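Asker: Got a file for you: run-v3.cif, mmCIF, C-alpha atoms and all ligand atoms.
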data_run
#
loop_
_atom_site.group_PDB
_atom_site.id
_atom_site.type_symbol
_atom_site.label_atom_id
_atom_site.label_comp_id
_atom_site.auth_asym_id
_atom_site.auth_seq_id
_atom_site.Cartn_x
_atom_site.Cartn_y
_atom_site.Cartn_z
ATOM 1 C CA MET S 875 -26.388 -97.271 38.044
ATOM 2 C CA ARG S 876 -23.157 -97.869 36.161
ATOM 3 C CA CYS S 877 -23.479 -97.908 32.378
ATOM 4 C CA LEU S 878 -20.851 -98.787 29.822
ATOM 5 C CA VAL S 879 -21.553 -97.161 26.467
ATOM 6 C CA VAL S 880 -19.966 -98.068 23.143
ATOM 7 C CA ALA S 881 -20.951 -97.673 19.499
ATOM 8 C CA ASP S 882 -19.479 -98.370 16.085
ATOM 9 C CA LEU S 883 -17.648 -101.554 17.029
ATOM 10 C CA HIS S 884 -18.087 -102.568 13.372
ATOM 11 C CA TYR S 885 -17.511 -106.267 13.790
ATOM 12 C CA SER S 886 -14.239 -105.756 15.644
ATOM 13 C CA LEU S 887 -14.042 -109.104 17.432
ATOM 14 C CA PRO S 888 -11.187 -107.998 19.752
ATOM 15 C CA GLN S 889 -13.451 -105.156 20.878
ATOM 16 C CA PHE S 890 -16.368 -107.534 21.456
ATOM 17 C CA ASP S 891 -14.026 -109.878 23.357
ATOM 18 C CA TRP S 892 -13.034 -106.946 25.575
ATOM 19 C CA LEU S 893 -16.717 -106.179 26.157
ATOM 20 C CA THR S 894 -17.387 -109.749 27.303
ATOM 21 C CA GLN S 895 -14.482 -109.451 29.762
ATOM 22 C CA VAL S 896 -15.703 -106.237 31.384
ATOM 23 C CA ALA S 897 -19.497 -106.453 31.020
ATOM 24 C CA ARG S 898 -20.212 -107.946 34.437
ATOM 25 C CA ARG S 899 -18.753 -104.868 36.153
ATOM 26 C CA PHE S 900 -21.592 -102.733 34.793
ATOM 27 C CA ASP S 901 -25.322 -102.657 35.496
ATOM 28 C CA ILE S 902 -26.056 -102.002 31.838
ATOM 29 C CA VAL S 903 -24.019 -102.177 28.637
ATOM 30 C CA ILE S 904 -25.330 -100.000 25.799
ATOM 31 C CA LEU S 905 -24.375 -100.727 22.198
ATOM 32 C CA ALA S 906 -25.466 -97.637 20.307
ATOM 33 C CA GLY S 907 -25.443 -99.021 16.781
ATOM 34 C CA ASP S 908 -23.158 -100.175 13.969
ATOM 35 C CA LEU S 909 -22.340 -103.604 15.323
ATOM 36 C CA LEU S 910 -21.759 -104.815 11.762
ATOM 37 C CA ASP S 911 -19.286 -103.661 9.158
ATOM 38 C CA LEU S 912 -20.795 -103.619 5.690
ATOM 39 C CA SER S 913 -17.379 -103.057 4.119
ATOM 40 C CA SER S 914 -15.941 -106.194 5.735
ATOM 41 C CA LEU S 915 -14.851 -109.180 3.670
ATOM 42 C CA VAL S 916 -16.989 -111.284 6.019
ATOM 43 C CA ASP S 917 -20.491 -111.750 4.597
ATOM 44 C CA TRP S 918 -22.974 -109.647 6.595
ATOM 45 C CA ARG S 919 -25.171 -112.700 7.213
ATOM 46 C CA ALA S 920 -22.245 -114.461 8.864
ATOM 47 C CA GLN S 921 -21.535 -111.304 10.868
ATOM 48 C CA ILE S 922 -25.095 -111.405 12.223
ATOM 49 C CA VAL S 923 -24.651 -115.035 13.318
ATOM 50 C CA VAL S 924 -21.462 -114.101 15.178
ATOM 51 C CA MET S 925 -23.048 -110.997 16.697
ATOM 52 C CA ARG S 926 -25.973 -113.017 18.019
ATOM 53 C CA ARG S 927 -23.494 -115.324 19.764
ATOM 54 C CA TYR S 928 -21.666 -112.372 21.342
ATOM 55 C CA LEU S 929 -24.917 -110.730 22.461
ATOM 56 C CA ALA S 930 -26.115 -114.007 23.984
ATOM 57 C CA LEU S 931 -22.821 -114.280 25.883
ATOM 58 C CA LEU S 932 -22.937 -110.644 27.008
ATOM 59 C CA LYS S 933 -26.518 -111.140 28.172
ATOM 60 C CA THR S 934 -25.319 -113.818 30.618
ATOM 61 C CA ARG S 935 -23.070 -111.174 32.227
ATOM 62 C CA THR S 936 -25.172 -108.022 32.407
ATOM 63 C CA ARG S 937 -28.197 -106.231 31.016
ATOM 64 C CA LEU S 938 -27.836 -105.106 27.436
ATOM 65 C CA ILE S 939 -29.442 -102.447 25.275
ATOM 66 C CA VAL S 940 -28.865 -102.404 21.519
ATOM 67 C CA CYS S 941 -29.954 -99.962 18.840
ATOM 68 C CA SER S 942 -29.270 -100.231 15.131
ATOM 69 C CA GLY S 943 -26.975 -98.071 13.066
ATOM 70 C CA ASN S 944 -26.721 -97.536 9.333
ATOM 71 C CA HIS S 945 -24.357 -100.534 9.041
ATOM 72 C CA ASP S 946 -26.911 -102.861 10.633
ATOM 73 C CA LEU S 947 -29.656 -102.624 7.999
ATOM 74 C CA ASP S 948 -30.359 -106.136 6.729
ATOM 75 C CA ALA S 949 -33.908 -105.956 5.360
ATOM 76 C CA THR S 950 -36.442 -103.790 3.581
ATOM 77 C CA ASP S 951 -39.895 -103.205 5.043
ATOM 78 C CA PRO S 952 -43.087 -103.348 2.924
ATOM 79 C CA ALA S 953 -42.833 -99.591 2.295
ATOM 80 C CA GLY S 954 -39.362 -100.029 0.788
ATOM 81 C CA GLU S 955 -37.444 -98.494 3.695
ATOM 82 C CA LYS S 956 -34.349 -100.268 4.967
ATOM 83 C CA ILE S 957 -34.534 -101.625 8.508
ATOM 84 C CA ALA S 958 -32.333 -103.642 10.851
ATOM 85 C CA ARG S 959 -34.635 -106.617 11.280
ATOM 86 C CA TRP S 960 -32.028 -108.682 13.103
ATOM 87 C CA VAL S 961 -31.702 -105.955 15.754
ATOM 88 C CA THR S 962 -35.490 -105.659 16.110
ATOM 89 C CA ASP S 963 -35.602 -109.431 16.602
ATOM 90 C CA LEU S 964 -33.317 -109.584 19.650
ATOM 91 C CA SER S 965 -36.250 -110.110 22.020
ATOM 92 C CA TYR S 966 -35.588 -113.884 21.906
ATOM 93 C CA LEU S 967 -32.433 -113.052 23.885
ATOM 94 C CA GLY S 968 -34.291 -110.720 26.223
ATOM 95 C CA VAL S 969 -32.321 -107.765 24.855
ATOM 96 C CA PRO S 970 -34.333 -104.534 24.489
ATOM 97 C CA SER S 971 -33.706 -103.046 21.059
ATOM 98 C CA ASP S 972 -35.068 -100.932 18.208
ATOM 99 C CA GLY S 973 -38.499 -99.453 18.799
ATOM 100 C CA GLN S 974 -38.657 -100.644 22.407
ATOM 101 C CA SER S 975 -38.395 -98.887 25.713
ATOM 102 C CA PHE S 976 -36.825 -100.285 28.819
ATOM 103 C CA ALA S 977 -37.624 -99.135 32.343
ATOM 104 C CA ASP S 978 -35.186 -99.615 35.199
ATOM 105 C CA GLY S 979 -36.563 -98.142 38.407
ATOM 106 C CA ASP S 980 -37.123 -94.457 37.823
ATOM 107 C CA THR S 981 -35.143 -94.467 34.553
ATOM 108 C CA LEU S 982 -36.648 -95.026 31.118
ATOM 109 C CA PHE S 983 -34.481 -95.922 28.119
ATOM 110 C CA THR S 984 -36.041 -95.214 24.719
ATOM 111 C CA ILE S 985 -34.263 -97.238 22.038
ATOM 112 C CA CYS S 986 -34.553 -95.694 18.597
ATOM 113 C CA PRO S 987 -33.923 -97.545 15.339
ATOM 114 C CA TRP S 988 -31.837 -96.098 12.530
ATOM 115 C CA TRP S 989 -34.368 -94.391 10.288
ATOM 116 C CA ASP S 990 -33.905 -94.668 6.541
ATOM 117 C CA GLY S 991 -37.077 -92.929 5.357
ATOM 118 C CA PRO S 992 -40.033 -90.827 6.446
ATOM 119 C CA LEU S 993 -42.118 -93.730 7.766
ATOM 120 C CA ALA S 994 -39.401 -95.017 10.083
ATOM 121 C CA ARG S 995 -38.638 -91.438 11.119
ATOM 122 C CA ASN S 996 -42.302 -90.928 12.008
ATOM 123 C CA ARG S 997 -42.236 -94.135 14.038
ATOM 124 C CA VAL S 998 -39.326 -92.721 16.062
ATOM 125 C CA ALA S 999 -41.277 -89.484 16.578
ATOM 126 C CA SER S 1000 -44.319 -91.479 17.788
ATOM 127 C CA GLN S 1001 -42.154 -93.614 20.061
ATOM 128 C CA LEU S 1002 -40.662 -90.519 21.703
ATOM 129 C CA ALA S 1003 -44.070 -88.859 22.043
ATOM 130 C CA ALA S 1004 -45.508 -91.993 23.697
ATOM 131 C CA ASP S 1005 -42.598 -92.204 26.140
ATOM 132 C CA ALA S 1006 -42.807 -88.471 26.873
ATOM 133 C CA ALA S 1007 -46.326 -89.082 28.146
ATOM 134 C CA ARG S 1008 -45.045 -91.568 30.755
ATOM 135 C CA ARG S 1009 -41.703 -89.945 31.400
ATOM 136 C CA PRO S 1010 -40.298 -90.945 34.808
ATOM 137 C CA LEU S 1011 -37.631 -89.110 36.795
ATOM 138 C CA HIS S 1012 -34.828 -89.932 34.343
ATOM 139 C CA TRP S 1013 -35.210 -90.349 30.578
ATOM 140 C CA TYR S 1014 -32.355 -91.647 28.439
ATOM 141 C CA TRP S 1015 -32.405 -92.144 24.657
ATOM 142 C CA VAL S 1016 -30.268 -94.492 22.596
ATOM 143 C CA HIS S 1017 -30.041 -93.202 18.998
ATOM 144 C CA HIS S 1018 -27.162 -94.085 16.683
ATOM 145 C CA ALA S 1019 -26.773 -90.703 14.984
ATOM 146 C CA PRO S 1020 -25.931 -87.747 17.225
ATOM 147 C CA PRO S 1021 -27.888 -84.504 16.844
ATOM 148 C CA ASP S 1022 -26.895 -82.171 14.036
ATOM 149 C CA LYS S 1023 -24.969 -78.966 14.777
ATOM 150 C CA SER S 1024 -23.394 -80.482 17.880
ATOM 151 C CA PRO S 1025 -19.664 -81.091 18.517
ATOM 152 C CA THR S 1026 -20.663 -84.758 18.890
ATOM 153 C CA SER S 1027 -21.580 -84.786 15.171
ATOM 154 C CA TRP S 1028 -18.622 -82.698 13.906
ATOM 155 C CA ASP S 1029 -16.274 -84.805 11.752
ATOM 156 C CA GLY S 1030 -13.561 -82.170 11.471
ATOM 157 C CA HIS S 1031 -15.031 -80.694 8.277
ATOM 158 C CA ARG S 1032 -18.807 -80.655 8.621
ATOM 159 C CA TYR S 1033 -21.688 -81.697 10.831
ATOM 160 C CA GLN S 1034 -22.945 -85.203 10.068
ATOM 161 C CA GLY S 1035 -25.722 -85.367 12.632
ATOM 162 C CA ASP S 1036 -29.435 -85.974 12.595
ATOM 163 C CA GLU S 1037 -31.587 -82.886 12.220
ATOM 164 C CA PRO S 1038 -34.891 -84.344 13.447
ATOM 165 C CA LEU S 1039 -33.109 -85.638 16.567
ATOM 166 C CA ALA S 1040 -31.928 -82.096 17.318
ATOM 167 C CA GLY S 1041 -35.577 -81.015 17.132
ATOM 168 C CA TRP S 1042 -36.775 -83.839 19.371
ATOM 169 C CA ILE S 1043 -34.093 -82.983 21.948
ATOM 170 C CA ALA S 1044 -35.206 -79.344 21.907
ATOM 171 C CA GLU S 1045 -38.829 -80.436 22.334
ATOM 172 C CA TYR S 1046 -38.459 -83.055 25.068
ATOM 173 C CA GLN S 1047 -35.122 -82.271 26.769
ATOM 174 C CA PRO S 1048 -34.302 -85.848 27.819
ATOM 175 C CA ASP S 1049 -31.592 -86.236 30.440
ATOM 176 C CA ILE S 1050 -29.159 -88.139 28.210
ATOM 177 C CA VAL S 1051 -28.818 -89.147 24.544
ATOM 178 C CA PHE S 1052 -26.346 -91.964 23.813
ATOM 179 C CA SER S 1053 -25.148 -91.963 20.215
ATOM 180 C CA GLY S 1054 -22.252 -92.827 17.913
ATOM 181 C CA HIS S 1055 -22.070 -92.748 14.102
ATOM 182 C CA VAL S 1056 -19.628 -89.882 13.574
ATOM 183 C CA HIS S 1057 -16.443 -91.752 14.348
ATOM 184 C CA GLN S 1058 -14.085 -88.777 14.353
ATOM 185 C CA SER S 1059 -16.052 -86.351 16.538
ATOM 186 C CA PRO S 1060 -14.199 -86.900 19.821
ATOM 187 C CA PHE S 1061 -10.837 -86.841 18.044
ATOM 188 C CA SER S 1062 -11.380 -83.786 15.799
ATOM 189 C CA ARG S 1063 -10.632 -80.164 16.520
ATOM 190 C CA GLY S 1064 -14.012 -78.625 17.233
ATOM 191 C CA GLY S 1065 -15.565 -82.024 17.936
ATOM 192 C CA SER S 1066 -16.297 -83.692 21.245
ATOM 193 C CA TRP S 1067 -17.441 -86.898 22.937
ATOM 194 C CA VAL S 1068 -19.853 -84.840 25.062
ATOM 195 C CA ASP S 1069 -22.240 -81.965 24.537
ATOM 196 C CA ARG S 1070 -24.931 -80.242 26.553
ATOM 197 C CA ILE S 1071 -28.004 -79.030 24.722
ATOM 198 C CA GLY S 1072 -30.279 -77.286 27.198
ATOM 199 C CA LYS S 1073 -30.503 -79.774 30.060
ATOM 200 C CA THR S 1074 -29.705 -82.762 27.816
ATOM 201 C CA TRP S 1075 -26.314 -84.475 27.911
ATOM 202 C CA VAL S 1076 -25.274 -85.952 24.545
ATOM 203 C CA PHE S 1077 -22.535 -88.562 24.245
ATOM 204 C CA ASN S 1078 -20.629 -90.075 21.322
ATOM 205 C CA ALA S 1079 -17.650 -92.243 22.316
ATOM 206 C CA GLY S 1080 -16.184 -92.263 18.801
ATOM 207 C CA HIS S 1081 -14.399 -95.062 17.024
ATOM 208 C CA GLN S 1082 -10.868 -96.387 17.291
ATOM 209 C CA PHE S 1083 -9.213 -99.563 16.097
ATOM 210 C CA GLY S 1084 -8.271 -102.455 18.377
ATOM 211 C CA ALA S 1085 -9.233 -103.237 21.935
ATOM 212 C CA PRO S 1086 -10.430 -101.624 24.032
ATOM 213 C CA PRO S 1087 -12.908 -99.593 22.004
ATOM 214 C CA ALA S 1088 -13.318 -95.927 22.836
ATOM 215 C CA HIS S 1089 -15.947 -96.053 25.559
ATOM 216 C CA ILE S 1090 -17.909 -93.996 28.033
ATOM 217 C CA VAL S 1091 -18.684 -94.956 31.593
ATOM 218 C CA ILE S 1092 -21.601 -93.270 33.297
ATOM 219 C CA ASP S 1093 -22.074 -93.575 37.027
ATOM 220 C CA THR S 1094 -25.374 -92.008 37.963
ATOM 221 C CA ALA S 1095 -24.732 -92.312 41.709
ATOM 222 C CA GLU S 1096 -21.350 -90.606 41.380
ATOM 223 C CA GLN S 1097 -22.858 -88.204 38.785
ATOM 224 C CA GLN S 1098 -19.881 -88.711 36.512
ATOM 225 C CA ALA S 1099 -19.283 -89.489 32.859
ATOM 226 C CA ILE S 1100 -15.805 -90.662 31.884
ATOM 227 C CA TRP S 1101 -14.544 -91.044 28.317
ATOM 228 C CA ILE S 1102 -11.701 -93.501 27.855
ATOM 229 C CA SER S 1103 -9.891 -93.743 24.521
ATOM 230 C CA ALA S 1104 -6.477 -93.881 22.906
ATOM 231 C CA ALA S 1105 -6.543 -90.068 23.055
ATOM 232 C CA GLY S 1106 -6.701 -90.114 26.855
ATOM 233 C CA VAL S 1107 -9.255 -89.964 29.598
ATOM 234 C CA GLN S 1108 -11.671 -87.094 30.183
ATOM 235 C CA HIS S 1109 -14.572 -86.633 32.526
ATOM 236 C CA VAL S 1110 -17.538 -84.421 33.183
ATOM 237 C CA PRO S 1111 -19.551 -84.102 36.384
ATOM 238 C CA LEU S 1112 -23.190 -84.536 35.412
ATOM 239 C CA ASP S 1113 -24.505 -82.331 38.188
ATOM 240 C CA ARG S 1114 -22.780 -79.203 36.864
ATOM 241 C CA PRO S 1115 -22.891 -77.242 33.590
ATOM 242 C CA LEU S 1116 -20.581 -78.481 30.841
ATOM 243 C CA GLU S 1117 -17.258 -76.659 30.987
ATOM 244 C CA LEU S 1118 -15.019 -76.541 27.918
ATOM 245 C CA PRO S 1119 -12.378 -77.693 27.400
ATOM 246 C CA VAL S 1120 -13.429 -80.892 29.119
ATOM 247 C CA ALA S 1121 -11.239 -81.798 32.070
ATOM 248 C CA LYS S 1122 -8.613 -84.498 31.587
ATOM 249 C CA LEU S 1123 -8.266 -87.244 34.150
ATOM 250 C CA THR S 1124 -4.746 -88.389 34.960
ATOM 251 C CA GLU S 1125 -6.009 -91.288 37.033
ATOM 252 C CA LEU S 1126 -9.114 -93.418 36.822
ATOM 253 C CA PRO S 1127 -11.299 -93.471 39.930
ATOM 254 C CA ASP S 1128 -10.942 -96.411 42.316
ATOM 255 C CA TRP S 1129 -14.448 -97.689 41.607
ATOM 256 C CA LEU S 1130 -13.424 -98.239 37.998
ATOM 257 C CA THR S 1131 -9.993 -99.751 38.525
ATOM 258 C CA ALA S 1132 -10.596 -101.949 41.563
ATOM 259 C CA PRO S 1133 -10.710 -105.700 40.903
ATOM 260 C CA ASP S 1134 -14.206 -107.170 40.565
ATOM 261 C CA GLU S 1135 -15.544 -109.937 42.807
ATOM 262 C CA GLU S 1136 -13.610 -112.482 40.765
ATOM 263 C CA GLY S 1137 -10.387 -110.507 41.178
ATOM 264 C CA ASP S 1138 -10.241 -109.315 37.576
ATOM 265 C CA ARG S 1139 -9.349 -105.791 36.548
ATOM 266 C CA ILE S 1140 -10.488 -104.041 33.399
ATOM 267 C CA PRO S 1141 -7.960 -104.910 30.671
ATOM 268 C CA ALA S 1142 -6.356 -101.783 29.242
HETATM 269 FE FE FE J 1 -20.170 -96.411 12.359
#
Is it possible to give me this structure as structure tokens?
Ligand SMILES: [Fe+2]
Answerer:
Amino acid sequence: MRCLVVADLHYSLPQFDWLTQVARRFDIVILAGDLLDLSSLVDWRAQIVVMRRYLALLKTRTRLIVCSGNHDLDATDPAGEKIARWVTDLSYLGVPSDGQSFADGDTLFTICPWWDGPLARNRVASQLAADAARRPLHWYWVHHAPPDKSPTSWDGHRYQGDEPLAGWIAEYQPDIVFSGHVHQSPFSRGGSWVDRIGKTWVFNAGHQFGAPPAHIVIDTAEQQAIWISAAGVQHVPLDRPLELPVAKLTELPDWLTAPDEEGDRIPA
């Protein structure tokens, strides 16, 4: 399975255009939260309309998974906690999202919503406990915030991660956690796009301006994770312990650079 993982696109339309160009090369595209930009001059309701159009287009090209981030919260639930209702409501597009789980063969994706209060946090805990009970061979989580006290949540000054998530990872040891949220982590001294906590791989592609977005490609058959950004290309073999510093790649592998069946290459 080849997965393309991005987060924190923050209504960058050139980055979404790039995604639509490359999506069909991947078995799954994962958007790990913060599709919207609450500081944009564009009204957030208009942003949601545009995002729905992009997601519908992407869905014609590959399978999609979307979780919410703190910039995606558009509603308040009856308990007064903020939620991303528009992300929860993506089932009309056939896109698995917040609070849902998605099985692909022997792999289970658990898609966690951004939690803004204790009730939503407890729902995430229940969701993970329920999926733990039916855990298949491979278990991947999509959760916007990275775990606390991890290089993937280090912003150059302090950790900005999620403490409960760190506890859930320690308890369940999923195979992979896909996150985002802390934009600077991969680009900061002491930060990273990848971490290994016990047997769990944690990824945060980070945020950069313009297309392409910083992104991670996972190839489960090749057992490789590759991070591609303006700061260069790095990779880790997933079948070995994490070695720091992470190895740089001077050349992308053929399977990533070869033209697709329509003769297109990934735009740089
Ligand atoms: Fe963000």
Asker: Show me which residues sit within 6 Å of ligand FE 1 (chain J) when counting all atoms listed in the file, and put them as a short mmCIF file (atom, residue, chain, number, x, y, z; two decimals) with C-alpha atoms, keeping the file's coordinate frame.
Answerer:
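Output saved as part-v7.cif:
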data_model
loop_
_atom_site.label_atom_id
_atom_site.label_comp_id
_atom_site.auth_asym_id
_atom_site.auth_seq_id
_atom_site.Cartn_x
_atom_site.Cartn_y
_atom_site.Cartn_z
CA ASP S 882 -19.48 -98.37 16.08
CA ASP S 908 -23.16 -100.18 13.97
CA HIS S 1055 -22.07 -92.75 14.10
#
Asker: Any chance you could work out the residue set of the PyMOL selection byres (((chain S and resi 1136) around 12) and not hetatm) here, as a short mmCIF file (atom, residue, chain, number, x, y, z; two decimals) with C-alpha atoms, keeping the file's coordinate frame?
Answerer:
data_model
loop_
_atom_site.label_atom_id
_atom_site.label_comp_id
_atom_site.auth_asym_id
_atom_site.auth_seq_id
_atom_site.Cartn_x
_atom_site.Cartn_y
_atom_site.Cartn_z
CA GLN S 895 -14.48 -109.45 29.76
CA VAL S 896 -15.70 -106.24 31.38
CA ARG S 898 -20.21 -107.95 34.44
CA ARG S 899 -18.75 -104.87 36.15
CA ALA S 1132 -10.60 -101.95 41.56
CA PRO S 1133 -10.71 -105.70 40.90
CA ASP S 1134 -14.21 -107.17 40.56
CA GLU S 1135 -15.54 -109.94 42.81
CA GLY S 1137 -10.39 -110.51 41.18
CA ASP S 1138 -10.24 -109.32 37.58
CA ARG S 1139 -9.35 -105.79 36.55
CA ILE S 1140 -10.49 -104.04 33.40
#
Asker: Taking only C-alpha atoms into account, name the residue in S:Asp1005, S:Asp972, S:Asp1069, S:Glu1045 that is nearest to Leu1118 of chain S.
Answerer: S:Asp1069
Asker: For the contact check between segment 917-956 of chain S and segment 960-967 of chain S, emit one row per residue of segment 917-956 of chain S within 10 Å, containing the shortest atom pair and the distance in Å rounded to one decimal, counting all atoms listed in the file, chain then rising number order, as a Markdown table.
Answerer:
| residue | atom | partner | partner_atom | distance |
| --- | --- | --- | --- | --- |
| S:Arg919 | CA | S:Trp960 | CA | 9.9 |
| S:Ile922 | CA | S:Trp960 | CA | 7.5 |
| S:Val923 | CA | S:Trp960 | CA | 9.7 |
| S:Met925 | CA | S:Trp960 | CA | 9.9 |
| S:Arg926 | CA | S:Leu964 | CA | 8.3 |
| S:Leu929 | CA | S:Leu967 | CA | 8.0 |
| S:Ala930 | CA | S:Leu967 | CA | 6.4 |
| S:Leu931 | CA | S:Leu967 | CA | 9.9 |
| S:Lys933 | CA | S:Leu967 | CA | 7.6 |
| S:Thr934 | CA | S:Leu967 | CA | 9.8 |
| S:Leu938 | CA | S:Leu967 | CA | 9.8 |
| S:Ile939 | CA | S:Leu964 | CA | 9.9 |
| S:Val940 | CA | S:Val961 | CA | 7.3 |
| S:Cys941 | CA | S:Val961 | CA | 7.0 |
| S:Ser942 | CA | S:Val961 | CA | 6.3 |
| S:Gly943 | CA | S:Val961 | CA | 9.6 |
| S:Asp946 | CA | S:Val961 | CA | 7.7 |
| S:Leu947 | CA | S:Trp960 | CA | 8.3 |
| S:Asp948 | CA | S:Trp960 | CA | 7.1 |
| S:Ala949 | CA | S:Trp960 | CA | 8.4 |
Asker: Which residues are close to Ile1092 of chain S, i.e. within 7 Å by only C-alpha atoms, leaving aside same-chain residues fewer than 6 positions away? Reply as a VMD selection string.
Answerer: chain S and resid 876 to 878 1098 to 1100
Asker: Quick one: residues within 6 Å of Val1076 of chain S, all atoms listed in the file counted, chain neighbours fewer than 2 positions away excluded, as a ChimeraX atom specification?
Answerer: /S:1050-1051,1068-1069
Asker: Starting from the PyMOL selection byres (((chain S and resi 1028) around 10) and not hetatm), expand the selection into actual residues of this file and give them as a VMD selection string.
Answerer: chain S and resid 1020 to 1027 1029 to 1035 1056 to 1066
Asker: Output the selection as a short mmCIF file (atom, residue, chain, number, x, y, z; two decimals), in the frame of the given file - C-alpha atoms for each residue.
Answerer:
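Saved as part_18.cif:
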data_model
loop_
_atom_site.label_atom_id
_atom_site.label_comp_id
_atom_site.auth_asym_id
_atom_site.auth_seq_id
_atom_site.Cartn_x
_atom_site.Cartn_y
_atom_site.Cartn_z
CA PRO S 1020 -25.93 -87.75 17.23
CA PRO S 1021 -27.89 -84.50 16.84
CA ASP S 1022 -26.90 -82.17 14.04
CA LYS S 1023 -24.97 -78.97 14.78
CA SER S 1024 -23.39 -80.48 17.88
CA PRO S 1025 -19.66 -81.09 18.52
CA THR S 1026 -20.66 -84.76 18.89
CA SER S 1027 -21.58 -84.79 15.17
CA ASP S 1029 -16.27 -84.80 11.75
CA GLY S 1030 -13.56 -82.17 11.47
CA HIS S 1031 -15.03 -80.69 8.28
CA ARG S 1032 -18.81 -80.66 8.62
CA TYR S 1033 -21.69 -81.70 10.83
CA GLN S 1034 -22.94 -85.20 10.07
CA GLY S 1035 -25.72 -85.37 12.63
CA VAL S 1056 -19.63 -89.88 13.57
CA HIS S 1057 -16.44 -91.75 14.35
CA GLN S 1058 -14.08 -88.78 14.35
CA SER S 1059 -16.05 -86.35 16.54
CA PRO S 1060 -14.20 -86.90 19.82
CA PHE S 1061 -10.84 -86.84 18.04
CA SER S 1062 -11.38 -83.79 15.80
CA ARG S 1063 -10.63 -80.16 16.52
CA GLY S 1064 -14.01 -78.62 17.23
CA GLY S 1065 -15.56 -82.02 17.94
CA SER S 1066 -16.30 -83.69 21.24
#
Asker: Neighbouring residues of segment 1086-1091 of chain S were defined as those with any atom within 7 Å, considering all atoms listed in the file; residues of the same chain fewer than 6 positions away were excluded. Please report them as a PDB file with C-alpha atoms, in the frame of the given file.
Answerer:
ATOM      1  CA  CYS S 877     -23.479 -97.908  32.378  1.00  0.00           C
ATOM      2  CA  LEU S 878     -20.851 -98.787  29.822  1.00  0.00           C
ATOM      3  CA  VAL S 879     -21.553 -97.161  26.467  1.00  0.00           C
ATOM      4  CA  VAL S 880     -19.966 -98.068  23.143  1.00  0.00           C
ATOM      5  CA  GLN S 889     -13.451-105.156  20.878  1.00  0.00           C
ATOM      6  CA  TRP S 892     -13.034-106.946  25.575  1.00  0.00           C
ATOM      7  CA  ALA S1079     -17.650 -92.243  22.316  1.00  0.00           C
ATOM      8  CA  GLY S1080     -16.184 -92.263  18.801  1.00  0.00           C
ATOM      9  CA  ALA S1099     -19.283 -89.489  32.859  1.00  0.00           C
ATOM     10  CA  ILE S1100     -15.805 -90.662  31.884  1.00  0.00           C
ATOM     11  CA  TRP S1101     -14.544 -91.044  28.317  1.00  0.00           C
ATOM     12  CA  ILE S1102     -11.701 -93.501  27.855  1.00  0.00           C
ATOM     13  CA  SER S1103      -9.891 -93.743  24.521  1.00  0.00           C
ATOM     14  CA  ALA S1142      -6.356-101.783  29.242  1.00  0.00           C
TER      15      ALA S1142
END
Asker: Can you translate the PyMOL selection byres (((chain S and resi 1107) around 9) and not hetatm) into the concrete residues it hits in this file, as a ChimeraX atom specification?
Answerer: /S:1100-1106,1108-1109,1121-1126
Asker: Suppose you want the space between atom CA of Pro992 of chain S and atom CA of Ser1053 of chain S; what is it in Å?
Answerer: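 Calculated distance between atom CA of Pro992 of chain S and atom CA of Ser1053 of chain S is 20.3 Å.
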Asker: Considering only C-alpha atoms, return as a ChimeraX atom specification whatever protein or nucleic-acid residues lie within 10 Å of Pro1115 of chain S, sequence-local ones (same chain, fewer than 6 positions apart) excluded.
Answerer: /S:1070,1072-1073,1075
Asker: Counting all atoms listed in the file, note down every residue that has an atom within 9 Å of the point (-39.4, -95.0, 37.9) (file coordinates), as number ranges by chain.
Answerer: S: 977-982, 1009-1012
Asker: Atom CA of Trp918 of chain S to atom CA of Arg995 of chain S: how many Å, to one decimal?
Answerer: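 These atoms are spaced 24.4 Å apart.
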Asker: For Gln921 of chain S, which residue among S:Ala999, S:Val1120, S:Val1016, S:Leu887 is the nearest when counting all atoms listed in the file?
Answerer: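 Residue with the minimum atom-to-atom distance to Gln921 of chain S: S:Leu887.
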Asker: Provide segment 910-915 of chain S rebuilt to N, CA, C and O atoms, formatted as a JSON list (two decimals), in the frame of the given file.
Answerer:
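File part36.json, as written:
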[["chain", "number", "residue", "atom", "x", "y", "z"],
["S", 910, "LEU", "N", -22.30, -104.17, 12.96],
["S", 910, "LEU", "CA", -21.76, -104.82, 11.76],
["S", 910, "LEU", "C", -20.85, -103.86, 11.00],
["S", 910, "LEU", "O", -20.83, -102.66, 11.25],
["S", 911, "ASP", "N", -20.12, -104.45, 10.05],
["S", 911, "ASP", "CA", -19.29, -103.66, 9.16],
["S", 911, "ASP", "C", -19.60, -104.08, 7.73],
["S", 911, "ASP", "O", -19.16, -105.14, 7.27],
["S", 912, "LEU", "N", -20.36, -103.25, 7.04],
["S", 912, "LEU", "CA", -20.80, -103.62, 5.69],
["S", 912, "LEU", "C", -19.65, -103.62, 4.68],
["S", 912, "LEU", "O", -19.80, -104.15, 3.59],
["S", 913, "SER", "N", -18.51, -103.04, 5.05],
["S", 913, "SER", "CA", -17.38, -103.06, 4.12],
["S", 913, "SER", "C", -16.43, -104.23, 4.40],
["S", 913, "SER", "O", -15.41, -104.38, 3.75],
["S", 914, "SER", "N", -16.80, -105.06, 5.38],
["S", 914, "SER", "CA", -15.94, -106.19, 5.74],
["S", 914, "SER", "C", -15.95, -107.26, 4.64],
["S", 914, "SER", "O", -16.92, -107.40, 3.89],
["S", 915, "LEU", "N", -14.89, -108.04, 4.59],
["S", 915, "LEU", "CA", -14.85, -109.18, 3.67],
["S", 915, "LEU", "C", -15.76, -110.30, 4.17],
["S", 915, "LEU", "O", -16.12, -111.20, 3.41]]
